[in-house]
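Below is run01.txt, which holds compact mmCIF, C-alpha atoms.
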# COMPACT_ATOMS: atom_id res chain seq x y z
CA MET A 1 126.71 132.82 136.64
CA PHE A 2 125.09 129.50 137.60
CA GLU A 3 121.71 131.22 138.07
CA LYS A 4 121.91 132.73 134.57
CA ALA A 5 122.86 129.36 133.09
CA GLY A 6 119.89 127.78 134.88
CA ILE A 7 117.51 130.39 133.47
CA ILE A 8 118.84 129.88 129.94
CA ILE A 9 118.37 126.10 130.24
CA GLN A 10 114.84 126.51 131.59
CA ASN A 11 113.88 128.94 128.81
CA PHE A 12 115.23 126.58 126.15
CA SER A 13 113.34 123.66 127.70
CA ASN A 14 110.07 125.62 127.62
CA PHE A 15 110.74 126.60 124.01
CA ILE A 16 111.55 123.11 122.71
CA TRP A 17 108.55 121.57 124.50
CA GLY A 18 106.02 123.42 122.35
CA TRP A 19 103.62 122.28 119.66
CA PRO A 20 106.29 120.70 117.40
CA ILE A 21 107.25 118.07 119.99
CA LEU A 22 103.58 117.58 120.90
CA VAL A 23 102.70 116.87 117.26
CA LEU A 24 105.73 114.61 116.90
CA LEU A 25 105.03 112.43 119.95
CA MET A 26 101.24 112.47 120.07
CA GLY A 27 100.67 112.71 116.32
CA GLY A 28 103.31 110.10 115.57
CA GLY A 29 101.98 107.77 118.25
CA LEU A 30 98.41 108.17 117.00
CA PHE A 31 99.63 107.33 113.51
CA PHE A 32 101.28 104.14 114.82
CA LEU A 33 98.10 103.21 116.67
CA ILE A 34 95.87 103.62 113.60
CA TYR A 35 98.40 102.26 111.12
CA SER A 36 98.78 99.05 113.13
CA GLU A 37 94.98 98.72 113.32
CA LEU A 38 95.30 98.44 117.11
CA SER A 39 96.87 95.02 116.61
CA PRO A 40 99.50 95.38 119.37
CA LEU A 41 96.87 96.17 122.01
CA ARG A 42 94.82 93.17 120.90
CA TYR A 43 97.69 90.89 121.86
CA LEU A 44 98.28 92.01 125.45
CA GLY A 45 97.67 88.47 126.72
CA HIS A 46 100.28 87.12 124.32
CA ALA A 47 102.73 89.78 125.52
CA VAL A 48 102.28 88.61 129.12
CA LYS A 49 103.02 85.01 128.04
CA ILE A 50 106.22 86.23 126.37
CA ILE A 51 107.60 87.88 129.50
CA ALA A 52 106.60 84.81 131.51
CA GLY A 53 109.23 82.95 129.50
CA LYS A 54 106.99 80.75 127.38
CA TYR A 55 108.86 81.59 124.20
CA ASP A 56 112.40 82.02 125.55
CA GLN A 57 115.08 80.26 123.53
CA ILE A 58 118.62 80.02 124.95
CA ASP A 59 120.29 79.89 121.54
CA GLU A 60 118.63 83.03 120.15
CA THR A 61 120.59 86.21 119.48
CA GLY A 62 120.84 88.67 122.35
CA GLN A 63 122.20 89.18 125.86
CA ILE A 64 119.22 89.08 128.25
CA ASN A 65 115.80 87.41 128.22
CA HIS A 66 112.46 89.13 127.54
CA TYR A 67 111.67 89.63 131.21
CA GLN A 68 115.08 91.13 131.97
CA ALA A 69 114.83 93.41 128.95
CA LEU A 70 111.43 94.68 130.13
CA SER A 71 112.71 94.98 133.71
CA THR A 72 115.72 97.01 132.59
CA ALA A 73 113.51 99.25 130.47
CA ILE A 74 110.98 99.68 133.29
CA ALA A 75 113.79 100.32 135.76
CA GLY A 76 114.76 103.20 133.49
CA THR A 77 111.18 104.52 133.33
CA VAL A 78 109.50 103.52 136.60
CA GLY A 79 111.57 105.80 138.76
CA MET A 80 111.44 109.23 140.28
CA GLY A 81 109.37 110.40 137.31
CA ASN A 82 106.52 108.38 138.80
CA ILE A 83 106.88 109.97 142.23
CA SER A 84 108.45 113.40 141.76
CA GLY A 85 107.49 113.81 138.10
CA VAL A 86 103.80 113.30 138.84
CA ALA A 87 104.04 115.73 141.75
CA VAL A 88 105.67 118.31 139.47
CA ALA A 89 102.90 117.83 136.89
CA ILE A 90 100.15 118.33 139.47
CA SER A 91 101.82 121.30 141.16
CA MET A 92 102.29 123.04 137.79
CA GLY A 93 99.08 122.06 136.02
CA GLY A 94 96.71 120.67 138.58
CA PRO A 95 94.98 117.26 138.55
CA GLY A 96 94.00 117.60 134.88
CA ALA A 97 97.59 117.02 133.80
CA ILE A 98 97.22 113.36 134.83
CA PHE A 99 94.48 112.76 132.27
CA TRP A 100 96.76 113.87 129.44
CA MET A 101 99.51 111.68 130.85
CA TRP A 102 97.07 108.75 130.50
CA ILE A 103 96.29 109.63 126.89
CA SER A 104 99.98 110.02 126.12
CA ALA A 105 100.73 106.61 127.66
CA LEU A 106 98.02 104.79 125.69
CA ILE A 107 99.28 106.31 122.46
CA GLY A 108 102.85 105.74 123.60
CA SER A 109 102.24 101.98 123.83
CA SER A 110 101.99 101.84 120.06
CA THR A 111 105.10 103.98 119.74
CA LYS A 112 107.00 101.55 121.98
CA PHE A 113 105.78 98.64 119.86
CA PHE A 114 107.19 100.17 116.68
CA THR A 115 110.45 101.57 118.07
CA CYS A 116 111.36 98.43 120.03
CA SER A 117 110.43 96.07 117.20
CA LEU A 118 112.82 98.08 115.04
CA ALA A 119 115.51 97.84 117.74
CA VAL A 120 115.59 94.06 117.26
CA MET A 121 114.85 94.10 113.53
CA TYR A 122 117.82 96.35 112.78
CA ARG A 123 120.39 95.46 115.38
CA GLY A 124 123.95 96.40 114.59
CA LYS A 125 127.38 95.55 115.94
CA ASP A 126 129.76 97.68 117.94
CA ASP A 127 133.50 97.81 117.31
CA THR A 128 134.01 94.53 119.22
CA GLY A 129 131.46 92.68 117.11
CA GLU A 130 128.85 92.49 119.89
CA ILE A 131 125.19 92.77 118.86
CA GLN A 132 123.62 96.09 119.90
CA GLY A 133 120.23 97.76 119.53
CA GLY A 134 118.81 101.24 119.77
CA PRO A 135 117.72 104.14 117.55
CA MET A 136 121.30 104.94 116.51
CA TYR A 137 121.81 101.40 115.18
CA VAL A 138 118.36 101.38 113.54
CA ILE A 139 119.23 104.58 111.69
CA ARG A 140 122.67 103.33 110.67
CA GLU A 141 121.52 99.87 109.58
CA ALA A 142 118.18 100.68 107.94
CA LEU A 143 118.34 104.22 106.54
CA HIS A 144 120.39 105.89 103.83
CA LYS A 145 123.65 107.50 104.92
CA ASN A 146 122.06 110.92 104.47
CA TRP A 147 120.11 110.16 107.65
CA HIS A 148 123.09 108.94 109.66
CA PHE A 149 123.68 112.33 111.29
CA LEU A 150 120.53 111.62 113.31
CA ALA A 151 122.19 108.51 114.75
CA TYR A 152 125.17 110.49 116.03
CA ALA A 153 122.91 113.27 117.32
CA PHE A 154 120.80 110.75 119.23
CA ALA A 155 123.83 109.03 120.77
CA PHE A 156 125.27 112.36 121.96
CA LEU A 157 121.97 113.58 123.41
CA ALA A 158 121.29 110.22 125.07
CA MET A 159 124.48 110.52 127.13
CA ILE A 160 122.98 113.71 128.59
CA GLY A 161 119.40 112.49 128.84
CA VAL A 162 120.30 109.40 130.88
CA SER A 163 122.50 111.15 133.40
CA PRO A 164 121.63 110.35 137.06
CA MET A 165 121.20 113.91 138.32
CA PHE A 166 117.40 113.97 138.72
CA GLN A 167 117.28 110.61 140.48
CA ALA A 168 120.16 111.58 142.78
CA ASN A 169 118.64 114.99 143.53
CA GLN A 170 115.25 113.63 144.56
CA LEU A 171 116.61 110.65 146.48
CA GLY A 172 118.95 113.01 148.32
CA GLN A 173 116.04 115.34 149.09
CA ALA A 174 113.97 112.44 150.43
CA ILE A 175 116.84 111.29 152.65
CA LYS A 176 117.17 114.81 154.08
CA ASP A 177 113.43 115.41 154.54
CA ILE A 178 112.73 112.05 156.15
CA LEU A 179 115.91 110.96 157.91
CA LEU A 180 118.07 114.01 158.57
CA PHE A 181 116.13 117.27 158.92
CA PRO A 182 113.78 115.93 161.64
CA HIS A 183 116.87 115.27 163.77
CA GLY A 184 118.18 118.81 163.53
CA ILE A 185 120.71 118.34 160.73
CA GLN A 186 120.85 121.51 158.65
CA GLU A 187 120.98 121.95 154.87
CA SER A 188 124.47 122.54 153.47
CA TRP A 189 126.45 121.84 150.33
CA GLN A 190 128.74 119.58 152.37
CA LEU A 191 125.75 117.44 153.39
CA ASN A 192 124.54 117.22 149.79
CA PHE A 193 128.02 116.28 148.62
CA ILE A 194 128.38 113.49 151.20
CA ILE A 195 124.99 112.03 150.25
CA GLY A 196 126.01 112.18 146.59
CA VAL A 197 129.31 110.40 147.22
CA VAL A 198 127.62 107.58 149.16
CA LEU A 199 125.06 107.08 146.39
CA ALA A 200 127.81 107.17 143.76
CA VAL A 201 129.76 104.39 145.45
CA PHE A 202 126.67 102.20 145.75
CA VAL A 203 125.69 102.67 142.10
CA ALA A 204 129.26 102.02 140.93
CA LEU A 205 129.24 98.58 142.54
CA VAL A 206 126.41 97.51 140.23
CA ILE A 207 126.97 99.30 136.94
CA PHE A 208 130.58 98.22 136.47
CA GLY A 209 129.26 94.65 136.26
CA GLY A 210 127.71 95.30 132.82
CA ILE A 211 124.28 94.58 131.34
CA LYS A 212 124.00 91.04 132.73
CA ARG A 213 124.44 92.24 136.30
CA ILE A 214 122.16 95.22 135.63
CA GLY A 215 119.53 92.90 134.14
CA LYS A 216 119.75 90.56 137.13
CA VAL A 217 119.57 93.34 139.72
CA THR A 218 116.73 95.22 138.02
CA GLY A 219 114.89 91.94 137.42
CA ASN A 220 114.85 91.44 141.20
CA LEU A 221 114.22 95.07 142.14
CA VAL A 222 111.41 96.01 139.73
CA PRO A 223 108.72 93.63 141.09
CA ILE A 224 109.64 94.52 144.67
CA MET A 225 109.51 98.26 144.10
CA VAL A 226 106.21 98.22 142.20
CA ILE A 227 104.46 95.92 144.70
CA LEU A 228 105.73 97.81 147.77
CA TYR A 229 104.73 101.15 146.33
CA MET A 230 101.31 99.90 145.24
CA ILE A 231 100.57 98.46 148.68
CA SER A 232 101.58 101.74 150.34
CA VAL A 233 99.32 103.80 148.08
CA PHE A 234 96.44 101.33 148.51
CA VAL A 235 96.65 101.93 152.27
CA ILE A 236 96.36 105.67 151.64
CA LEU A 237 93.41 105.17 149.31
CA ILE A 238 91.66 102.96 151.87
CA ASN A 239 92.09 105.68 154.49
CA PHE A 240 90.63 108.25 152.07
CA SER A 241 88.27 105.93 150.18
CA ASP A 242 85.46 108.49 150.15
CA ARG A 243 87.62 110.85 148.06
CA ILE A 244 88.68 108.43 145.30
CA ILE A 245 85.68 108.95 142.97
CA PRO A 246 85.67 112.76 143.44
CA SER A 247 89.41 112.79 142.74
CA LEU A 248 88.98 110.87 139.49
CA GLU A 249 86.18 113.23 138.51
CA LEU A 250 88.44 116.19 139.30
CA ILE A 251 91.19 114.80 137.04
CA ILE A 252 88.80 114.45 134.10
CA VAL A 253 86.96 117.75 134.57
CA ASP A 254 90.16 119.72 135.14
CA ALA A 255 91.69 118.19 131.99
CA PHE A 256 89.15 120.03 129.84
CA THR A 257 88.74 123.20 131.90
CA ALA A 258 92.36 123.76 132.97
CA LYS A 259 91.22 125.74 135.99
CA SER A 260 94.32 124.76 137.93
CA VAL A 261 96.96 125.21 135.22
CA MET A 262 99.04 128.37 135.07
CA GLY A 263 97.42 130.62 132.48
CA GLY A 264 94.25 128.53 132.32
CA SER A 265 95.02 127.07 128.87
CA VAL A 266 93.98 123.53 127.94
CA GLY A 267 96.72 123.56 125.30
CA SER A 268 99.33 124.31 127.95
CA LEU A 269 97.90 121.53 130.10
CA ILE A 270 98.14 119.02 127.26
CA ILE A 271 101.77 119.95 126.62
CA LEU A 272 102.53 119.63 130.33
CA GLY A 273 100.89 116.19 130.50
CA VAL A 274 102.76 114.92 127.44
CA ARG A 275 106.01 116.41 128.75
CA ARG A 276 105.77 114.67 132.11
CA ALA A 277 104.53 111.42 130.53
CA ALA A 278 107.54 111.42 128.21
CA PHE A 279 109.83 111.83 131.20
CA SER A 280 107.97 109.04 132.96
CA ASN A 281 107.51 106.32 130.30
CA GLU A 282 109.92 107.65 127.62
CA ALA A 283 107.74 106.46 124.72
CA GLY A 284 109.24 107.88 121.56
CA ILE A 285 112.37 109.14 123.32
CA GLY A 286 114.54 106.15 122.40
CA THR A 287 116.02 104.80 125.62
CA ALA A 288 113.85 101.68 125.95
CA PRO A 289 114.80 100.39 122.47
CA MET A 290 118.40 100.14 123.69
CA ALA A 291 117.33 97.73 126.45
CA HIS A 292 114.88 95.77 124.31
CA GLY A 293 117.45 95.57 121.54
CA ALA A 294 119.55 93.38 123.86
CA ALA A 295 116.78 90.79 124.31
CA LYS A 296 117.44 87.15 123.38
CA THR A 297 115.04 86.79 120.48
CA ASN A 298 114.97 86.40 116.74
CA GLU A 299 111.40 87.72 116.59
CA PRO A 300 111.36 91.55 116.53
CA ILE A 301 107.58 91.76 116.88
CA ARG A 302 107.71 89.63 120.00
CA GLU A 303 109.96 92.17 121.70
CA GLY A 304 107.79 95.03 120.46
CA LEU A 305 104.81 93.43 122.21
CA VAL A 306 106.79 93.12 125.43
CA ALA A 307 107.88 96.76 125.18
CA MET A 308 104.36 98.14 124.80
CA LEU A 309 103.57 96.93 128.33
CA GLY A 310 106.03 99.52 129.66
CA PRO A 311 103.85 102.67 129.38
CA ILE A 312 100.86 100.77 130.77
CA ILE A 313 102.75 99.65 133.87
CA ASP A 314 104.61 102.92 134.22
CA THR A 315 102.00 105.62 133.61
CA ILE A 316 98.56 104.03 133.69
CA VAL A 317 99.29 102.09 136.89
CA VAL A 318 102.16 103.61 138.91
CA CYS A 319 101.71 107.29 137.99
CA THR A 320 97.98 107.08 138.63
CA LEU A 321 98.61 105.68 142.11
CA THR A 322 100.92 108.58 142.94
CA ALA A 323 98.43 111.10 141.56
CA LEU A 324 95.55 109.68 143.59
CA ALA A 325 97.64 109.68 146.77
CA ILE A 326 98.45 113.36 146.23
CA ILE A 327 94.91 114.38 145.29
CA VAL A 328 92.85 112.42 147.85
CA THR A 329 94.97 113.75 150.72
CA GLY A 330 94.50 117.31 149.46
CA VAL A 331 98.21 118.22 149.49
CA TRP A 332 98.13 119.05 145.76
CA SER A 333 96.60 122.43 146.55
CA HIS A 334 99.68 123.53 148.54
CA PRO A 335 101.63 125.72 146.06
CA GLU A 336 104.71 125.86 148.27
CA LEU A 337 105.35 122.13 147.83
CA ASN A 338 106.87 120.49 144.76
CA GLY A 339 108.58 117.28 143.69
CA ILE A 340 109.27 114.66 146.31
CA SER A 341 108.21 117.01 149.13
CA LEU A 342 104.64 117.02 147.80
CA THR A 343 104.46 113.22 147.64
CA LEU A 344 106.06 112.99 151.08
CA ASN A 345 103.30 115.10 152.61
CA ALA A 346 100.70 112.84 150.98
CA PHE A 347 102.30 109.76 152.55
CA LYS A 348 102.53 111.44 155.97
CA LEU A 349 98.84 112.31 155.89
CA GLY A 350 97.74 109.04 154.33
CA ILE A 351 99.81 106.76 156.58
CA PRO A 352 100.46 108.69 159.82
CA LEU A 353 102.47 105.83 161.35
CA GLY A 354 105.49 105.20 159.14
CA GLY A 355 104.25 106.60 155.84
CA ASP A 356 107.38 108.68 155.38
CA TYR A 357 109.59 105.64 155.93
CA LEU A 358 107.62 103.58 153.43
CA LEU A 359 108.16 106.37 150.92
CA ILE A 360 111.92 106.57 151.53
CA ILE A 361 112.19 102.82 150.87
CA SER A 362 110.18 103.17 147.66
CA VAL A 363 112.11 106.25 146.59
CA ALA A 364 115.43 104.52 147.23
CA ILE A 365 114.49 101.49 145.11
CA PHE A 366 112.88 103.58 142.37
CA SER A 367 115.78 105.99 141.98
CA LEU A 368 118.55 103.41 142.37
CA SER A 369 117.00 101.02 139.85
CA THR A 370 116.85 103.87 137.34
CA MET A 371 120.44 104.86 138.09
CA PHE A 372 121.41 101.21 137.47
CA ALA A 373 119.68 101.14 134.07
CA TYR A 374 120.69 104.57 132.76
CA PRO A 375 124.47 103.98 132.52
CA TYR A 376 123.80 101.00 130.28
CA TYR A 377 122.07 103.36 127.84
CA GLY A 378 124.75 106.01 128.20
CA THR A 379 127.60 103.55 127.71
CA LYS A 380 125.99 102.13 124.57
CA SER A 381 125.71 105.65 123.20
CA PHE A 382 129.32 106.41 124.13
CA ILE A 383 130.53 103.22 122.43
CA PHE A 384 128.59 104.10 119.28
CA LEU A 385 130.39 107.44 119.11
CA PHE A 386 133.85 106.66 120.44
CA GLY A 387 134.26 102.88 120.53
CA SER A 388 134.37 100.40 123.41
CA ARG A 389 138.03 100.91 124.27
CA TYR A 390 137.27 104.00 126.33
CA LYS A 391 133.79 103.04 127.58
CA HIS A 392 134.81 103.25 131.24
CA ILE A 393 135.32 106.98 130.74
CA TYR A 394 131.57 107.41 130.47
CA SER A 395 130.92 105.20 133.50
CA ILE A 396 133.28 107.33 135.56
CA PHE A 397 131.67 110.51 134.21
CA TYR A 398 128.25 109.09 135.10
CA ILE A 399 129.30 108.30 138.66
CA LEU A 400 130.76 111.80 139.11
CA LEU A 401 127.45 113.37 138.06
CA ILE A 402 125.63 111.82 141.03
CA PRO A 403 127.10 114.26 143.60
CA VAL A 404 126.46 117.07 141.11
CA GLY A 405 122.80 116.06 141.07
CA THR A 406 122.47 116.12 144.86
CA MET A 407 123.83 119.68 144.91
CA ALA A 408 121.97 121.19 141.91
CA THR A 409 118.53 122.85 141.95
CA LEU A 410 115.47 120.86 140.89
CA PRO A 411 114.11 123.29 138.20
CA THR A 412 117.45 123.37 136.38
CA ILE A 413 117.83 119.58 136.47
CA ILE A 414 114.30 119.03 135.16
CA SER A 415 114.97 121.48 132.32
CA VAL A 416 118.19 119.68 131.36
CA PHE A 417 116.37 116.35 131.11
CA ASP A 418 113.37 117.80 129.32
CA SER A 419 115.60 119.48 126.73
CA ALA A 420 117.61 116.33 126.07
CA TYR A 421 114.49 114.16 125.86
CA ALA A 422 112.78 116.50 123.42
CA LEU A 423 115.81 116.52 121.12
CA MET A 424 116.24 112.73 121.41
CA ALA A 425 112.64 112.27 120.23
CA PHE A 426 113.35 113.69 116.77
CA PRO A 427 115.81 110.97 115.60
CA THR A 428 113.76 108.23 117.30
CA MET A 429 110.39 109.22 115.88
CA ILE A 430 111.63 110.22 112.42
CA SER A 431 113.36 106.87 111.91
CA ALA A 432 110.37 104.95 113.27
CA LEU A 433 107.94 106.77 110.99
CA LEU A 434 110.13 106.15 107.95
CA LEU A 435 110.42 102.44 108.78
CA ALA A 436 106.84 101.87 109.97
CA PRO A 437 105.92 99.83 106.83
CA LYS A 438 108.68 97.36 107.69
CA VAL A 439 107.22 96.83 111.16
CA LYS A 440 103.67 96.46 109.90
CA LYS A 441 104.71 93.86 107.33
CA ALA A 442 106.61 91.87 109.97
CA ALA A 443 103.71 92.20 112.44
CA ASN A 444 101.14 90.92 109.96
CA LEU A 445 103.32 87.89 109.26
CA TYR A 446 103.99 87.22 112.96
CA PHE A 447 100.32 87.42 113.96
CA LYS A 448 99.39 85.14 111.04
CA ARG A 449 101.94 82.56 112.18
CA LEU A 450 100.67 82.89 115.75
CA LYS A 451 97.09 82.18 114.67
CA GLN A 452 98.28 79.15 112.71
CA GLY A 453 99.89 77.77 115.87
CA GLU A 454 103.48 77.92 114.68
CA PHE A 455 104.71 79.11 118.08

How does this structure look as structure tokens?
Amino acid sequence: MFEKAGIIIQNFSNFIWGWPILVLLMGGGLFFLIYSELSPLRYLGHAVKIIAGKYDQIDETGQINHYQALSTAIAGTVGMGNISGVAVAISMGGPGAIFWMWISALIGSSTKFFTCSLAVMYRGKDDTGEIQGGPMYVIREALHKNWHFLAYAFAFLAMIGVSPMFQANQLGQAIKDILLFPHGIQESWQLNFIIGVVLAVFVALVIFGGIKRIGKVTGNLVPIMVILYMISVFVILINFSDRIIPSLELIIVDAFTAKSVMGGSVGSLIILGVRRAAFSNEAGIGTAPMAHGAAKTNEPIREGLVAMLGPIIDTIVVCTLTALAIIVTGVWSHPELNGISLTLNAFKLGIPLGGDYLLIISVAIFSLSTMFAYPYYGTKSFIFLFGSRYKHIYSIFYILLIPVGTMATLPTIISVFDSAYALMAFPTMISALLLAPKVKKAANLYFKRLKQGEF
């Protein structure tokens, strides 16, 4: 029964991630990029100054500062998608998939600018009167009631899309591969359940503290996890420095020849790259606007500029490091490996003394930070649908899904997330496209004021 259900989910995921979603995400993002006249990318330096706190105002509307909003959003994106997701992309499509992840991320930066600017521009209030942001509030506050069904659809799908199962599954697998299996402990459902329960308790201690505690914890964890992981991969690249240039050449050549992808189709490779990039940086999916919508700011464009840094940090930097580690060590050509196991082999080869332990530390921080951020998104979606009175129901449901994730199979879990993300993209992108003129008008005014020295 469970096997049949898994096959159905996987088939639906493959169906929904076809050309329609590719056109929606890539075509929509390209439209945003051209429509904005590349203006967001021309203000990267200004965006860095914003997250550094130069423009923070204590009395502005919101719950967390710019840096914490970006940290929470990155904590939800820089996670196992950057370690396991990249490995899945390479194992399924070869090195060329990374190139299309890059393209998707660059285009996705413009998408993040528009969707997260809207999240502040059209913030709404929940049933307690607290200011909230996200695609569901944008749709409700800015669009005609005929479009409101998209808001409810997004909120429902988001509760599924931000579940912790993938993070728990891959963290559990890393714990077993690195810490338990080498010492003779055998695979069993009881072992998976115990790991899941321990992780659930740890996550519960943080998420029941609300967005302020989540923002504080992720604000401390995100820099640590990115720096530690980058240093580890740099060590691998130094040890295999003669293979870096050939690996980059392989990524580019394979992107247009698709020799390594199943079926040998460039079109299939593009879809795979966009699919994994969406799971990694979530541009156009709609989760990040919920975090950025909580930022303390009265300038929507300012938060949009902060948000566009997400795909650059997430995919262009972190995903590329993972990809290079896998490719330069040669483990990508082992078809029997997938997910975290593939990345683990790269770390073992690249750093013979302690590479696996460095990875388990990185994996733990990556997955836990994402599991800290996701329930914030899920709870906001639950409150939008059912009100704040019963919000702890979702938190409990979220915690219970962690042991489920450690016991489920990886292909089924990936298909569940991919399906939810694809469906979440429709309300997010449709509303952003309809409201794009509002963002452009606000952006032109903001950049004019910036040039005149008003800030």

From the set A:Ser13, A:Ser247, A:Asn169, A:Ser369, which residue has the shortest atom-to-atom contact distance to Leu410 (chain A), counting all atoms listed in the file?
->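 Between A:Ser13, A:Ser247, A:Asn169, A:Ser369, the residue approaching Leu410 (chain A) most closely is A:Asn169.
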
Determine the nearest neighbour of Met121 (chain A) from the options A:Gly293, A:Gly94, A:Gly45, A:Gly29, counting all atoms listed in the file.
-> A:Gly293

Skipping near chain neighbours, those fewer than 5 positions away, what residues fall within 8 Å of Trp17 (chain A) using all atoms listed in the file, listed as a short mmCIF file (atom, residue, chain, number, x, y, z; two decimals) with C-alpha atoms, in the frame of the given file?
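Once everything was written out, this is selection04.cif:
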data_model
loop_
_atom_site.label_atom_id
_atom_site.label_comp_id
_atom_site.auth_asym_id
_atom_site.auth_seq_id
_atom_site.Cartn_x
_atom_site.Cartn_y
_atom_site.Cartn_z
CA LEU A 22 103.58 117.58 120.90
CA ILE A 271 101.77 119.95 126.62
CA ARG A 275 106.01 116.41 128.75
CA ASP A 418 113.37 117.80 129.32
CA SER A 419 115.60 119.48 126.73
CA ALA A 422 112.78 116.50 123.42
#

In Å, rounded to a single decimal, give me how far CA of Val363 (chain A) is from CA of Gln170 (chain A).
->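 For CA of Gln170 (chain A) relative to CA of Val363 (chain A), the distance reads 8.3 Å.
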
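Between CA of Ser341 (chain A) and CA of Met92 (chain A) there is a distance of 14.1 Å.
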
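The spacing separating CA of Asp356 (chain A) from CA of Ile236 (chain A) amounts to 12.0 Å.
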
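Of the listed residues (A:Thr343, A:Arg302, A:Ser110, A:Ile231), A:Ser110 comes nearest to Leu38 (chain A); the distances count only C-alpha atoms.
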
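Protein, DNA and RNA residues at most 9 Å from (127.4, 108.8, 115.9), with all atoms listed in the file, are these: Met136, Arg140, His148, Phe149, Leu150, Ala151, Tyr152, Ala153, Phe154, Ala155, Phe156, Ser381, Phe382, Phe384, Leu385 and Phe386 of chain A.
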
Any idea what's packed within 8 Å of region 330-334 of chain A, counting all atoms listed in the file, ignoring anything in its chain fewer than 4 positions away? Could you give it as a ChimeraX atom specification?
-> /A:87,90-91,94,326,342,345-346

Show which residues sit within 9 Å of Leu199 (chain A), as a PyMOL selection string. Count only C-alpha atoms, and ignore same-chain residues fewer than 2 positions away.
-> chain A and resi 168+172+194-197+201-204+368+399+402-403

Using all atoms listed in the file, find the one residue out of A:Gly354, A:Gly27, A:Pro182, A:Pro164 that sits nearest to Ala200 (chain A).
->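 Among A:Gly354, A:Gly27, A:Pro182, A:Pro164, it is A:Pro164 that comes nearest to Ala200 (chain A).
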
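The residue that comes closest to Trp189 (chain A), out of A:Ile175, A:Ile361, A:Cys319, A:Thr406 and on the basis of only C-alpha atoms, is A:Thr406.
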
Which residue, A:Pro311, A:Pro40, A:Pro289, A:Gly96, has the smallest gap to Asn82 (chain A) when you use all atoms listed in the file?
->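 So, comparing all the options, the nearest one is A:Pro311.
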
Name all residues at most 12 Å from Pro20 (chain A) (count all atoms listed in the file; drop same-chain ones fewer than 5 positions away) and give them as a PDB file with C-alpha atoms, in the frame of the given file.
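See result_1.pdb below for the written result:
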ATOM      1  CA  ASN A  14     110.070 125.620 127.620  1.00  0.00           C
ATOM      2  CA  PHE A  15     110.740 126.600 124.010  1.00  0.00           C
ATOM      3  CA  LEU A  25     105.030 112.430 119.950  1.00  0.00           C
ATOM      4  CA  MET A  26     101.240 112.470 120.070  1.00  0.00           C
ATOM      5  CA  GLY A  27     100.670 112.710 116.320  1.00  0.00           C
ATOM      6  CA  GLY A  28     103.310 110.100 115.570  1.00  0.00           C
ATOM      7  CA  ILE A 271     101.770 119.950 126.620  1.00  0.00           C
ATOM      8  CA  ALA A 422     112.780 116.500 123.420  1.00  0.00           C
ATOM      9  CA  LEU A 423     115.810 116.520 121.120  1.00  0.00           C
ATOM     10  CA  ALA A 425     112.640 112.270 120.230  1.00  0.00           C
ATOM     11  CA  PHE A 426     113.350 113.690 116.770  1.00  0.00           C
TER      12      PHE A 426
END

Once 5 Å is added on each side, what centre and edge lengths in Å to one decimal does the axis-aligned box around all listed atoms of region 365-381 of chain A have, as JSON?
{"center_x": 120.2, "center_y": 103.5, "center_z": 134.2, "size_x": 24.7, "size_y": 15.0, "size_z": 31.9}

Any idea what's packed within 12 Å of Phe397 (chain A), counting only C-alpha atoms, ignoring anything in its chain fewer than 2 positions away? Could you give it as a ChimeraX atom specification?
-> /A:159-160,162-165,200,204,375,378-379,382,390-395,399-404
